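Enquirer: I am sharing start-v4.txt, which consists of compact mmCIF, C-alpha atoms:
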# COMPACT_ATOMS: atom_id res chain seq x y z
CA MET J 1 -32.82 -11.73 -22.00
CA TYR J 2 -32.82 -7.92 -22.13
CA ASN J 3 -30.04 -6.71 -19.83
CA PRO J 4 -28.48 -3.27 -20.39
CA PHE J 5 -26.32 -3.83 -17.27
CA SER J 6 -24.49 -6.82 -18.76
CA LEU J 7 -20.73 -6.66 -19.30
CA GLU J 8 -20.81 -9.52 -21.81
CA GLY J 9 -18.01 -9.16 -24.36
CA LYS J 10 -16.25 -6.37 -22.48
CA THR J 11 -12.63 -6.49 -21.33
CA ILE J 12 -12.20 -4.72 -18.00
CA LEU J 13 -9.06 -3.78 -16.04
CA VAL J 14 -9.35 -3.71 -12.24
CA THR J 15 -6.51 -2.27 -10.15
CA GLY J 16 -6.07 -3.19 -6.50
CA ALA J 17 -7.95 -6.39 -7.28
CA SER J 18 -6.33 -8.59 -4.64
CA SER J 19 -8.49 -7.49 -1.72
CA GLY J 20 -11.47 -5.51 -0.47
CA ILE J 21 -13.59 -3.56 -2.93
CA GLY J 22 -11.24 -4.37 -5.84
CA ARG J 23 -11.63 -8.11 -5.33
CA ALA J 24 -15.42 -7.70 -5.22
CA ILE J 25 -15.33 -5.66 -8.45
CA ALA J 26 -13.31 -8.34 -10.23
CA ILE J 27 -15.75 -11.03 -9.06
CA GLU J 28 -18.89 -9.04 -9.97
CA CYS J 29 -17.49 -8.12 -13.40
CA SER J 30 -16.77 -11.79 -14.12
CA LYS J 31 -20.31 -12.75 -13.07
CA MET J 32 -21.68 -10.07 -15.42
CA GLY J 33 -19.83 -11.64 -18.34
CA ALA J 34 -16.72 -9.48 -18.62
CA THR J 35 -13.19 -10.67 -19.27
CA VAL J 36 -11.28 -9.34 -16.28
CA ILE J 37 -7.63 -8.32 -16.14
CA MET J 38 -6.61 -7.80 -12.53
CA THR J 39 -3.58 -6.03 -11.19
CA ALA J 40 -2.06 -5.72 -7.71
CA ARG J 41 1.28 -6.36 -5.99
CA ASN J 42 0.56 -9.60 -4.15
CA GLU J 43 0.61 -12.64 -6.44
CA THR J 44 -0.61 -15.16 -3.87
CA ARG J 45 -3.73 -13.11 -3.21
CA LEU J 46 -4.29 -12.44 -6.92
CA GLN J 47 -4.20 -16.18 -7.56
CA GLU J 48 -6.83 -16.68 -4.86
CA VAL J 49 -9.08 -14.04 -6.41
CA LEU J 50 -8.55 -15.52 -9.88
CA ARG J 51 -9.98 -18.80 -8.58
CA GLN J 52 -13.08 -16.96 -7.35
CA LEU J 53 -13.88 -15.43 -10.74
CA GLU J 54 -16.60 -16.94 -12.88
CA GLY J 55 -15.18 -18.47 -16.06
CA ASP J 56 -11.57 -19.13 -17.03
CA ARG J 57 -11.00 -16.26 -19.48
CA HIS J 58 -9.51 -13.94 -16.84
CA ARG J 59 -5.92 -13.17 -15.88
CA TYR J 60 -3.75 -10.94 -13.74
CA ILE J 61 -0.64 -8.82 -14.25
CA LEU J 62 1.58 -8.04 -11.26
CA ALA J 63 2.34 -4.32 -10.94
CA ASP J 64 3.35 -1.82 -8.29
CA LEU J 65 1.44 1.30 -9.31
CA SER J 66 3.47 3.52 -6.99
CA GLU J 67 6.21 3.45 -9.67
CA GLU J 68 5.62 5.50 -12.81
CA GLU J 69 7.68 3.14 -15.01
CA ALA J 70 5.64 0.19 -13.76
CA ILE J 71 2.45 1.93 -14.89
CA GLY J 72 3.78 2.39 -18.41
CA ALA J 73 4.94 -1.23 -18.53
CA LEU J 74 1.56 -2.51 -17.29
CA VAL J 75 -0.32 -0.57 -19.96
CA GLN J 76 1.98 -1.93 -22.67
CA GLU J 77 0.94 -5.45 -21.70
CA LEU J 78 -2.79 -4.66 -21.86
CA PRO J 79 -5.14 -5.32 -24.76
CA VAL J 80 -7.60 -2.60 -25.82
CA LEU J 81 -10.06 -2.18 -22.95
CA ASP J 82 -13.79 -1.50 -22.77
CA GLY J 83 -13.49 -0.45 -19.16
CA ALA J 84 -11.06 0.20 -16.33
CA VAL J 85 -11.74 0.46 -12.62
CA LEU J 86 -8.95 2.46 -11.00
CA ASN J 87 -9.53 1.23 -7.52
CA ALA J 88 -6.15 0.71 -5.83
CA GLY J 89 -5.82 2.88 -2.74
CA ILE J 90 -4.75 3.02 0.87
CA MET J 91 -6.31 4.43 4.04
CA GLY J 92 -4.81 5.87 7.19
CA LEU J 93 -5.35 8.56 9.78
CA THR J 94 -2.96 11.43 10.49
CA PRO J 95 -3.94 14.47 12.56
CA VAL J 96 -3.19 17.80 10.86
CA SER J 97 -0.47 18.62 13.37
CA ALA J 98 1.35 15.36 12.53
CA ILE J 99 1.33 15.65 8.73
CA THR J 100 4.77 15.34 7.15
CA ALA J 101 5.84 15.57 3.52
CA ALA J 102 6.65 11.86 3.59
CA LYS J 103 3.18 10.88 4.84
CA LEU J 104 1.52 13.15 2.27
CA GLU J 105 3.59 11.78 -0.58
CA GLN J 106 3.09 8.15 0.38
CA MET J 107 -0.71 8.32 0.26
CA GLN J 108 -0.81 10.72 -2.68
CA ARG J 109 1.39 8.42 -4.74
CA ILE J 110 -1.06 5.51 -4.47
CA ASN J 111 -4.42 7.27 -4.20
CA LEU J 112 -3.91 10.12 -6.64
CA ASN J 113 -0.76 9.91 -8.79
CA ALA J 114 -1.27 6.27 -9.77
CA PRO J 115 -4.80 6.62 -11.21
CA ILE J 116 -3.85 9.90 -12.94
CA LEU J 117 -0.73 8.43 -14.54
CA LEU J 118 -2.56 5.23 -15.44
CA THR J 119 -5.31 7.20 -17.18
CA ARG J 120 -2.67 9.14 -19.06
CA GLN J 121 -0.93 5.96 -20.23
CA LEU J 122 -4.20 4.27 -21.21
CA ALA J 123 -5.06 7.31 -23.35
CA LYS J 124 -1.57 7.80 -24.76
CA GLN J 125 -1.09 4.13 -25.67
CA LYS J 126 -4.61 4.02 -27.16
CA LYS J 127 -5.75 1.18 -24.93
CA LEU J 128 -9.30 2.51 -24.52
CA ALA J 129 -11.92 1.46 -27.06
CA ASN J 130 -14.42 3.99 -28.34
CA GLY J 131 -17.20 4.03 -25.76
CA ALA J 132 -14.89 2.77 -22.99
CA SER J 133 -15.73 3.60 -19.38
CA ILE J 134 -13.20 4.56 -16.71
CA VAL J 135 -14.41 4.24 -13.13
CA PHE J 136 -12.41 5.92 -10.37
CA MET J 137 -12.74 4.69 -6.81
CA ALA J 138 -13.14 7.96 -4.97
CA SER J 139 -14.88 8.27 -1.61
CA ALA J 140 -17.62 10.00 0.31
CA ALA J 141 -14.65 11.34 2.32
CA GLY J 142 -13.32 14.61 1.02
CA VAL J 143 -15.87 14.94 -1.76
CA TYR J 144 -18.98 14.98 0.50
CA ARG J 145 -17.77 15.05 4.10
CA THR J 146 -14.71 14.69 6.24
CA SER J 147 -13.73 13.35 9.64
CA VAL J 148 -11.04 13.75 12.26
CA GLY J 149 -7.63 12.50 11.16
CA ASN J 150 -8.69 12.04 7.56
CA ALA J 151 -7.06 15.15 6.05
CA ILE J 152 -4.58 13.44 3.73
CA TYR J 153 -6.95 10.72 2.54
CA ALA J 154 -9.80 13.19 1.98
CA THR J 155 -7.46 15.50 0.08
CA THR J 156 -6.35 12.71 -2.27
CA LYS J 157 -9.98 11.76 -2.94
CA CYS J 158 -10.95 15.39 -3.66
CA GLY J 159 -8.04 15.53 -6.07
CA LEU J 160 -9.25 12.36 -7.73
CA ASP J 161 -12.74 13.85 -8.05
CA ALA J 162 -11.34 16.92 -9.82
CA PHE J 163 -9.21 14.75 -12.09
CA MET J 164 -12.16 12.49 -12.95
CA ARG J 165 -14.23 15.47 -14.12
CA THR J 166 -11.37 16.98 -16.12
CA ALA J 167 -10.54 13.65 -17.78
CA ALA J 168 -14.27 13.21 -18.55
CA LEU J 169 -14.19 16.52 -20.40
CA GLU J 170 -10.98 15.84 -22.31
CA LEU J 171 -11.68 12.22 -23.28
CA ALA J 172 -15.33 12.74 -24.28
CA GLY J 173 -14.26 13.46 -27.87
CA LYS J 174 -13.05 9.87 -28.14
CA GLY J 175 -16.30 8.57 -26.67
CA ILE J 176 -14.56 7.66 -23.41
CA ARG J 177 -16.54 8.17 -20.22
CA CYS J 178 -15.11 8.92 -16.76
CA ASN J 179 -17.13 8.58 -13.56
CA SER J 180 -16.46 7.74 -9.96
CA VAL J 181 -17.92 5.62 -7.20
CA ASN J 182 -17.89 7.41 -3.85
CA PRO J 183 -18.55 5.00 -1.01
CA ALA J 184 -18.70 5.70 2.69
CA MET J 185 -17.29 3.04 5.06
CA THR J 186 -17.26 -0.39 3.48
CA GLU J 187 -16.56 -3.71 5.23
CA THR J 188 -13.01 -4.49 4.05
CA GLU J 189 -9.69 -5.47 5.59
CA ALA J 190 -8.46 -1.90 5.05
CA ILE J 191 -10.76 -0.30 7.62
CA ALA J 192 -8.67 -1.84 10.40
CA ALA J 193 -6.15 0.91 9.55
CA VAL J 194 -8.59 3.61 10.63
CA GLN J 195 -10.75 2.11 13.38
CA ASP J 196 -11.17 -0.64 15.92
CA ALA J 197 -14.34 -2.54 16.89
CA ALA J 198 -15.40 -0.03 19.56
CA MET J 199 -15.05 2.92 17.18
CA LYS J 200 -17.05 1.08 14.55
CA GLU J 201 -19.91 0.35 16.93
CA LYS J 202 -20.15 4.06 17.72
CA ASP J 203 -19.81 5.14 14.10
CA LEU J 204 -22.64 2.88 12.90
CA ALA J 205 -25.08 5.21 14.67
CA ASN J 206 -24.18 7.80 12.00
CA TYR J 207 -25.54 5.57 9.23
CA PRO J 208 -29.31 5.87 8.64
CA LEU J 209 -29.27 2.37 7.11
CA ARG J 210 -27.48 1.20 10.30
CA ARG J 211 -24.60 -0.65 8.69
CA TYR J 212 -21.50 -0.20 6.57
CA GLY J 213 -21.51 -1.10 2.90
CA LYS J 214 -20.63 -4.53 1.58
CA PRO J 215 -17.82 -4.71 -1.00
CA GLU J 216 -20.16 -6.31 -3.55
CA GLU J 217 -22.62 -3.42 -3.21
CA VAL J 218 -19.89 -0.92 -4.06
CA ALA J 219 -18.75 -3.24 -6.85
CA GLN J 220 -22.25 -3.26 -8.33
CA ALA J 221 -22.15 0.54 -8.54
CA ALA J 222 -18.92 0.17 -10.54
CA VAL J 223 -20.59 -2.44 -12.78
CA TYR J 224 -23.40 0.03 -13.45
CA LEU J 225 -20.92 2.70 -14.58
CA LEU J 226 -19.05 0.17 -16.75
CA SER J 227 -22.22 -1.03 -18.46
CA ASP J 228 -24.01 0.34 -21.51
CA ALA J 229 -26.81 1.48 -19.18
CA THR J 230 -24.67 4.56 -18.43
CA ARG J 231 -23.55 5.40 -21.99
CA TRP J 232 -24.77 8.98 -21.52
CA MET J 233 -23.17 9.43 -18.07
CA THR J 234 -19.79 11.08 -17.76
CA GLY J 235 -18.20 13.25 -15.07
CA THR J 236 -20.56 11.91 -12.41
CA ALA J 237 -19.64 11.08 -8.82
CA LEU J 238 -21.92 8.27 -7.68
CA LYS J 239 -22.39 8.45 -3.92
CA ILE J 240 -23.14 5.13 -2.18
CA ASP J 241 -23.18 5.65 1.56
CA GLY J 242 -26.11 4.09 3.42
CA GLY J 243 -27.36 7.64 4.00
CA ARG J 244 -24.21 8.72 5.88
CA THR J 245 -24.08 12.17 4.27
CA LEU J 246 -27.73 12.92 5.06
CA VAL J 247 -27.04 13.48 8.74
CA MET I 1 11.58 6.29 30.27
CA ASP I 2 10.06 8.59 32.87
CA ILE I 3 6.35 8.46 33.67
CA GLN I 4 6.14 12.11 34.72
CA LYS I 5 7.54 13.18 31.37
CA PHE I 6 5.16 10.75 29.66
CA ILE I 7 2.21 12.31 31.51
CA GLU I 8 3.35 15.80 30.45
CA ASN I 9 3.57 14.70 26.84
CA PHE I 10 0.17 13.04 27.17
CA ALA I 11 -1.41 16.17 28.69
CA GLU I 12 -0.13 18.34 25.85
CA GLN I 13 -2.41 16.54 23.40
CA PHE I 14 -5.56 18.03 24.96
CA ASP I 15 -6.86 21.47 23.94
CA ASP I 16 -8.06 22.41 27.41
CA LEU I 17 -7.24 20.08 30.23
CA ASN I 18 -8.95 20.76 33.55
CA THR I 19 -8.05 17.46 35.16
CA GLU I 20 -4.78 16.59 36.84
CA LEU I 21 -3.45 13.49 35.16
CA LYS I 22 -1.92 10.76 37.32
CA PRO I 23 -0.60 7.30 36.50
CA GLU I 24 -3.87 5.77 37.72
CA THR I 25 -6.08 8.17 35.73
CA ARG I 26 -8.46 6.36 33.40
CA PHE I 27 -7.69 8.53 30.43
CA ARG I 28 -10.78 7.78 28.33
CA GLU I 29 -12.91 9.22 31.13
CA VAL I 30 -11.03 12.53 31.19
CA GLU I 31 -13.11 15.49 30.01
CA GLY I 32 -11.95 16.49 26.55
CA TRP I 33 -10.82 13.01 25.47
CA THR I 34 -11.84 12.54 21.80
CA SER I 35 -10.84 10.41 18.84
CA LEU I 36 -8.60 13.31 17.76
CA VAL I 37 -6.78 13.29 21.11
CA ALA I 38 -6.35 9.52 20.74
CA LEU I 39 -4.74 10.04 17.31
CA LEU I 40 -2.54 12.79 18.71
CA VAL I 41 -1.40 10.52 21.55
CA ILE I 42 -0.51 7.79 19.04
CA THR I 43 1.45 10.36 17.03
CA MET I 44 3.19 11.68 20.16
CA VAL I 45 4.24 8.14 21.17
CA ASP I 46 5.60 7.58 17.67
CA GLU I 47 7.51 10.88 17.56
CA GLU I 48 8.78 11.02 21.16
CA TYR I 49 9.44 7.32 21.79
CA GLY I 50 9.67 5.81 18.32
CA VAL I 51 6.91 3.32 19.10
CA VAL I 52 4.02 2.62 16.72
CA LEU I 53 1.05 1.63 18.90
CA PRO I 54 -1.26 -0.98 17.35
CA PRO I 55 -4.83 0.38 17.89
CA GLU I 56 -6.09 -2.98 19.17
CA GLU I 57 -3.40 -3.08 21.89
CA MET I 58 -3.95 0.54 22.83
CA ARG I 59 -7.66 -0.13 23.19
CA LYS I 60 -6.97 -2.65 25.97
CA THR I 61 -5.27 -0.03 28.14
CA GLN I 62 -7.40 1.89 30.62
CA THR I 63 -5.01 3.97 32.71
CA ILE I 64 -2.06 6.15 31.79
CA GLN I 65 0.17 3.70 33.68
CA GLU I 66 -1.05 0.83 31.50
CA LEU I 67 -0.42 2.85 28.36
CA PHE I 68 3.03 3.81 29.67
CA ASP I 69 3.78 0.13 30.35
CA LEU I 70 2.65 -0.79 26.85
CA VAL I 71 4.94 1.81 25.29
CA ASN I 72 7.77 0.71 27.58
CA SER I 73 7.34 -2.92 26.52
CA LYS I 74 7.91 -1.91 22.91
CA LEU I 75 11.01 0.26 23.38
Represent the structure of the file as structure tokens.
Expert:
Amino acid sequence: MYNPFSLEGKTILVTGASSGIGRAIAIECSKMGATVIMTARNETRLQEVLRQLEGDRHRYILADLSEEEAIGALVQELPVLDGAVLNAGIMGLTPVSAITAAKLEQMQRINLNAPILLTRQLAKQKKLANGASIVFMASAAGVYRTSVGNAIYATTKCGLDAFMRTAALELAGKGIRCNSVNPAMTETEAIAAVQDAAMKEKDLANYPLRRYGKPEEVAQAAVYLLSDATRWMTGTALKIDGGRTLV
Amino acid sequence: MDIQKFIENFAEQFDDLNTELKPETRFREVEGWTSLVALLVITMVDEEYGVVLPPEEMRKTQTIQELFDLVNSKL
């Protein structure tokens, strides 16, 4: 059957694969035929996700991406990839007047430094096949809009957006594409860090489609960018937000 | 821990406060209460009292006294 969105025959790395959007990406990629290599810190959860993947060709590698040496070691273990989804990230709210160097560094290390250093290692160790696709998990936050308390998170995502476009430019010569998925609020465990049930109820009124995204919907946007259907797309931020940024 | 001092610290988180805050004040009904003030109160409690307030527990409190008691219970 004709299917330009298939990931059949592709080997795909997914970071932060043990929960939330990352888990959904690993599952969707497996259903689309890819061989998935997952990474995260929590082995118990990775094993659970591994069981949910379609087929038995997949595996995981434990890694803490907040450590630069760990990133280099992870990349050494990898085969040549056809795609990588740099998804690992954390959320949290800090009002401007409460920002400290420690809080800045903690979020920046995971949300910004890790994907930058991982991209560097993948390129340096020649682990990206010609035509490979890197997908960065950015956000509607920072790149398209912002909200109270979200200064650090939004800043890291803006940084990631700038890096994605620069890497797209530099890696294009090797046929490597870089794009990002930019979701608004998505139903994951992580949103508990930034809102409670009452806040969510109120916030839903800001979404023209009247709900938050589902992890698999965001994952399918990543699948699109990994697939051959987007061979001529690079440097693009793909907004997926239920209409949030229209209002 | 002194409730008057707690109320002063609480009041400082508002930009313009035209209401006198008392222990029995239902703080979410105070004019000027926003999600930013809520975040600032959480930060103040962390910095002044060394207590990290879980949002779900904070949500159950209605009055300043109840919030004070919650912080006190975690000291």
Enquirer: Nearest to chain I: which of J:Gln76, J:Ser180, J:Ser139, J:Thr94 is it, counting only C-alpha atoms?
Expert: J:Thr94
Enquirer: If we count all atoms listed in the file, what is near Thr61 (chain I) at a cut-off of 12 Å, once residues fewer than 6 positions away on the same chain are taken out, given as a PyMOL selection string?
Expert: chain I and resi 24-28+53-55+67-71
Enquirer: Determine, for each residue of chain I having at least one atom at most 12 Å from an atom of chain J, the closest pair of atoms and their separation in Å to one decimal, counting all atoms listed in the file; order by chain and ascending number, as CSV.
Expert:
residue,atom,partner,partner_atom,distance
I:Gln13,CA,J:Ser97,CA,10.4
I:Thr34,CA,J:Val148,CA,9.6
I:Ser35,CA,J:Val148,CA,7.4
I:Leu36,CA,J:Val148,CA,6.0
I:Val37,CA,J:Pro95,CA,9.1
I:Ala38,CA,J:Pro95,CA,9.9
I:Leu39,CA,J:Pro95,CA,6.5
I:Leu40,CA,J:Pro95,CA,6.5
I:Val41,CA,J:Pro95,CA,10.1
I:Ile42,CA,J:Thr94,CA,9.6
I:Thr43,CA,J:Ala98,CA,6.7
I:Met44,CA,J:Ala98,CA,8.7
I:Val45,CA,J:Ala98,CA,11.6
I:Asp46,CA,J:Ala98,CA,10.2
I:Glu47,CA,J:Ala98,CA,9.1
I:Leu53,CA,J:Ala193,CA,11.8
I:Pro54,CA,J:Ala193,CA,9.4
I:Pro55,CA,J:Asp196,CA,6.7
I:Glu56,CA,J:Asp196,CA,6.5
I:Glu57,CA,J:Asp196,CA,10.1
I:Met58,CA,J:Asp196,CA,10.1
I:Arg59,CA,J:Asp196,CA,8.1
I:Lys60,CA,J:Ala198,CA,10.9
Enquirer: Given the point (-19.7, -7.8, -12.7) in the coordinates of this file, which residues lie within 9 Å, counting all atoms listed in the file, and how would they look as a ChimeraX atom specification?
Expert: /J:5-7,24-34,219-220,222-224,226
Enquirer: Please compute the CA of Lys74 (chain I)-CA of Tyr49 (chain I) distance, one decimal, in Å.
Expert: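 CA of Lys74 (chain I) sits 9.4 Å away from CA of Tyr49 (chain I).
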Enquirer: Between I:Glu66, I:Val51, I:Ala11, I:Met1, which is the closest to Pro23 (chain I) once you count only C-alpha atoms?
Expert: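 For Pro23 (chain I), the nearest of the given residues is I:Glu66.
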Enquirer: CA of Ala73 (chain J) and CA of Thr156 (chain J), how far apart in Å?
Expert: 24.2 Å
Enquirer: Write out as a PyMOL selection string each polymer residue whose atoms come within 10 Å of region 36-42 of chain J, counting only C-alpha atoms; drop sequence neighbours fewer than 5 positions from it.
Expert: chain J and resi 10-19+22-23+25-30+47+49-50+53-65+74+78-79+81+83-85+88
